[in-house]
Amino acid sequence: MTLTESIKGLENTSAPDFNLPATDGKDYSLADFAEAKILVVVFMCNHCPYVLAVLERLNKLAENFQKQGVVFVGINSNDSTDYPDDSFEKMKDLLIKFPYLHDENQEVATKYHAVCTPDIFVFDENRKLKYHGRIDDNWQEEEKVSREELKEALEKILAGEEIPREEQIPSMGCSIKWKR
C-alpha cells in the first residue's frame, strides 16, 4: 500500500465528462447529474483500507445531503488485472448508496487528475471544482473525528460561500493502481 495525497491547485477547473458503466446496470455520463446542485465525485475502490474505513461516512453524507440536491458518484479506476478485488463484478458487492462507476481504461481518472483512493472532487452547479480535499480529520477512528471537512464544504457551497484553499487539506489513501 502506497500512501498518496490528492493533488493541490485544481480549484475552479471544470468537471471532465465521462460515460461509464455502473454496478446498477446503467451507464452514466456527466449530463445524467445535470440537475444536481452539487456533484461529489469520489475515486474509490474495493480493496483500499482508507476507502473501507470511511465508506459508511460517505454513505451517510450522500443520504443526508440528497434532499438538498447533492449527488454522490463513486468511480473505480484501479487495474483489476493486478487487483482482482477491484473488478467490476466485485464492485457489485460493495454496499454503497450512490452510483458506483467503472473506469476500466483509466481515462476518467487521468482527466480528473485523481491519484488516490479516496480522492474527492466537489463541483458546484456550474460543475466548477470548489472542494478537493479529505472527508474529515481522522480516517481511522470515526469516534475521534473533530472536524468534518467534506460536510462543512458541502454546507458552504450550498450557502454560496467559497472554501479557502488553506481549508482544503488533501485527501490521502492508496495510490490508484495504474495499468502497466
# chains A, B, ... in the order shown; residues from 1 in each chain; ligands from 1

$ closest_atom_pairs --of "region 78-126 of chain A" --to "region 158-172 of chain A" --cutoff "10 Å" --atoms "only C-alpha atoms" --output "JSON lines"
{"residue": "A:Val115", "atom": "CA", "partner": "A:Met172", "partner_atom": "CA", "distance": 9.2}
{"residue": "A:Cys116", "atom": "CA", "partner": "A:Met172", "partner_atom": "CA", "distance": 6.5}
{"residue": "A:Thr117", "atom": "CA", "partner": "A:Met172", "partner_atom": "CA", "distance": 7.1}
{"residue": "A:Pro118", "atom": "CA", "partner": "A:Ser171", "partner_atom": "CA", "distance": 6.8}
{"residue": "A:Asp119", "atom": "CA", "partner": "A:Ser171", "partner_atom": "CA", "distance": 5.9}
{"residue": "A:Ile120", "atom": "CA", "partner": "A:Ser171", "partner_atom": "CA", "distance": 7.1}
{"residue": "A:Phe121", "atom": "CA", "partner": "A:Ser171", "partner_atom": "CA", "distance": 9.9}
{"residue": "A:Asp124", "atom": "CA", "partner": "A:Leu158", "partner_atom": "CA", "distance": 8.4}
{"residue": "A:Glu125", "atom": "CA", "partner": "A:Leu158", "partner_atom": "CA", "distance": 9.6}

$ write_last_selection --atoms "N, CA and C atoms" --output "mmCIF file, in the first residue's frame"
data_model
loop_
_atom_site.group_PDB
_atom_site.id
_atom_site.type_symbol
_atom_site.label_atom_id
_atom_site.label_comp_id
_atom_site.auth_asym_id
_atom_site.auth_seq_id
_atom_site.Cartn_x
_atom_site.Cartn_y
_atom_site.Cartn_z
ATOM 1 N N VAL A 115 -5.467 10.664 -8.051
ATOM 2 C CA VAL A 115 -4.243 9.909 -7.781
ATOM 3 C C VAL A 115 -4.369 8.908 -6.643
ATOM 4 N N CYS A 116 -5.408 9.058 -5.809
ATOM 5 C CA CYS A 116 -5.512 8.186 -4.642
ATOM 6 C C CYS A 116 -6.967 7.762 -4.419
ATOM 7 N N THR A 117 -7.129 6.826 -3.499
ATOM 8 C CA THR A 117 -8.464 6.390 -3.109
ATOM 9 C C THR A 117 -8.568 6.506 -1.590
ATOM 10 N N PRO A 118 -9.490 7.320 -1.093
ATOM 11 C CA PRO A 118 -10.433 8.123 -1.858
ATOM 12 C C PRO A 118 -9.814 9.449 -2.311
ATOM 13 N N ASP A 119 -10.204 9.897 -3.477
ATOM 14 C CA ASP A 119 -9.841 11.221 -3.992
ATOM 15 C C ASP A 119 -11.167 11.902 -4.295
ATOM 16 N N ILE A 120 -11.457 12.976 -3.582
ATOM 17 C CA ILE A 120 -12.794 13.570 -3.566
ATOM 18 C C ILE A 120 -12.803 14.917 -4.279
ATOM 19 N N PHE A 121 -13.719 15.049 -5.242
ATOM 20 C CA PHE A 121 -13.884 16.266 -6.032
ATOM 21 C C PHE A 121 -15.322 16.747 -5.854
ATOM 22 N N ASP A 124 -19.682 22.558 -8.038
ATOM 23 C CA ASP A 124 -20.914 23.323 -7.843
ATOM 24 C C ASP A 124 -21.871 23.092 -9.011
ATOM 25 N N GLU A 125 -22.980 23.832 -9.031
ATOM 26 C CA GLU A 125 -23.997 23.619 -10.073
ATOM 27 C C GLU A 125 -23.491 23.952 -11.471
#

$ closest_atom_pairs --of "region 49-113 of chain A" --to "region 1-16 of chain A" --cutoff "10 Å" --atoms "only C-alpha atoms" --output "JSON lines"
{"residue": "A:Pro49", "atom": "CA", "partner": "A:Met1", "partner_atom": "CA", "distance": 9.1}
{"residue": "A:Tyr50", "atom": "CA", "partner": "A:Leu3", "partner_atom": "CA", "distance": 9.5}
{"residue": "A:Val108", "atom": "CA", "partner": "A:Pro16", "partner_atom": "CA", "distance": 7.7}
{"residue": "A:Ala109", "atom": "CA", "partner": "A:Pro16", "partner_atom": "CA", "distance": 9.8}
{"residue": "A:Thr110", "atom": "CA", "partner": "A:Pro16", "partner_atom": "CA", "distance": 9.9}
{"residue": "A:Lys111", "atom": "CA", "partner": "A:Pro16", "partner_atom": "CA", "distance": 6.4}
{"residue": "A:Tyr112", "atom": "CA", "partner": "A:Pro16", "partner_atom": "CA", "distance": 6.6}
{"residue": "A:His113", "atom": "CA", "partner": "A:Ile7", "partner_atom": "CA", "distance": 7.3}

$ write_last_selection --atoms "C-alpha atoms" --output "PDB file, in the first residue's frame"
ATOM      1  CA  PRO A  49      -8.268   0.288   3.714  1.00  0.00           C
ATOM      2  CA  TYR A  50      -8.672   4.077   3.575  1.00  0.00           C
ATOM      3  CA  VAL A 108     -11.566   9.410 -16.404  1.00  0.00           C
ATOM      4  CA  ALA A 109      -9.092   9.254 -13.513  1.00  0.00           C
ATOM      5  CA  THR A 110      -6.478  10.782 -15.788  1.00  0.00           C
ATOM      6  CA  LYS A 111      -8.819  13.617 -16.874  1.00  0.00           C
ATOM      7  CA  TYR A 112      -9.694  14.398 -13.253  1.00  0.00           C
ATOM      8  CA  HIS A 113      -6.058  14.191 -12.085  1.00  0.00           C
TER       9      HIS A 113
END

$ residues_around --residues "region 18-29 of chain A" --least-positions-apart "6" --cutoff "6 Å" --atoms "only C-alpha atoms" --output "mmCIF file with C-alpha atoms, in the first residue's frame"
data_model
loop_
_atom_site.group_PDB
_atom_site.id
_atom_site.type_symbol
_atom_site.label_atom_id
_atom_site.label_comp_id
_atom_site.auth_asym_id
_atom_site.auth_seq_id
_atom_site.Cartn_x
_atom_site.Cartn_y
_atom_site.Cartn_z
ATOM 1 C CA LYS A 92 -21.204 -5.028 -7.184
ATOM 2 C CA TYR A 100 -20.543 3.208 -8.459
ATOM 3 C CA LEU A 101 -18.927 3.500 -11.890
ATOM 4 C CA HIS A 102 -16.145 1.505 -13.522
#

$ closest_residue --among "A:Gln68, A:Asn126, A:Asn78, A:Gln140" --to "Met91 (chain A)" --atoms "only C-alpha atoms"
A:Asn78

$ closest_residue --among "A:Lys128, A:Lys90, A:Lys156, A:Lys37" --to "Lys67 (chain A)" --atoms "only C-alpha atoms"
A:Lys37

$ atom_distance --atom1 "CA of Leu94 (chain A)" --atom2 "CA of Lys151 (chain A)"
22.5 Å

$ residues_around --residues "Leu39 (chain A)" --least-positions-apart "6" --cutoff "9 Å" --atoms "only C-alpha atoms" --output "PyMOL selection string"
chain A and resi 33+69-73+121-125+127

$ write_last_selection --atoms "C-alpha atoms" --output "compact mmCIF listing (two decimals), in the first residue's frame"
# COMPACT_ATOMS: atom_id res chain seq x y z
CA PHE A 33 -26.24 14.56 -13.00
CA GLY A 69 -29.64 18.45 -4.30
CA VAL A 70 -26.22 16.92 -3.58
CA VAL A 71 -25.40 13.83 -5.62
CA PHE A 72 -22.51 11.47 -4.91
CA VAL A 73 -20.94 9.18 -7.50
CA PHE A 121 -13.88 16.27 -6.03
CA VAL A 122 -16.84 18.55 -5.21
CA PHE A 123 -18.34 20.55 -8.08
CA ASP A 124 -20.91 23.32 -7.84
CA GLU A 125 -24.00 23.62 -10.07
CA ARG A 127 -19.55 22.00 -12.49
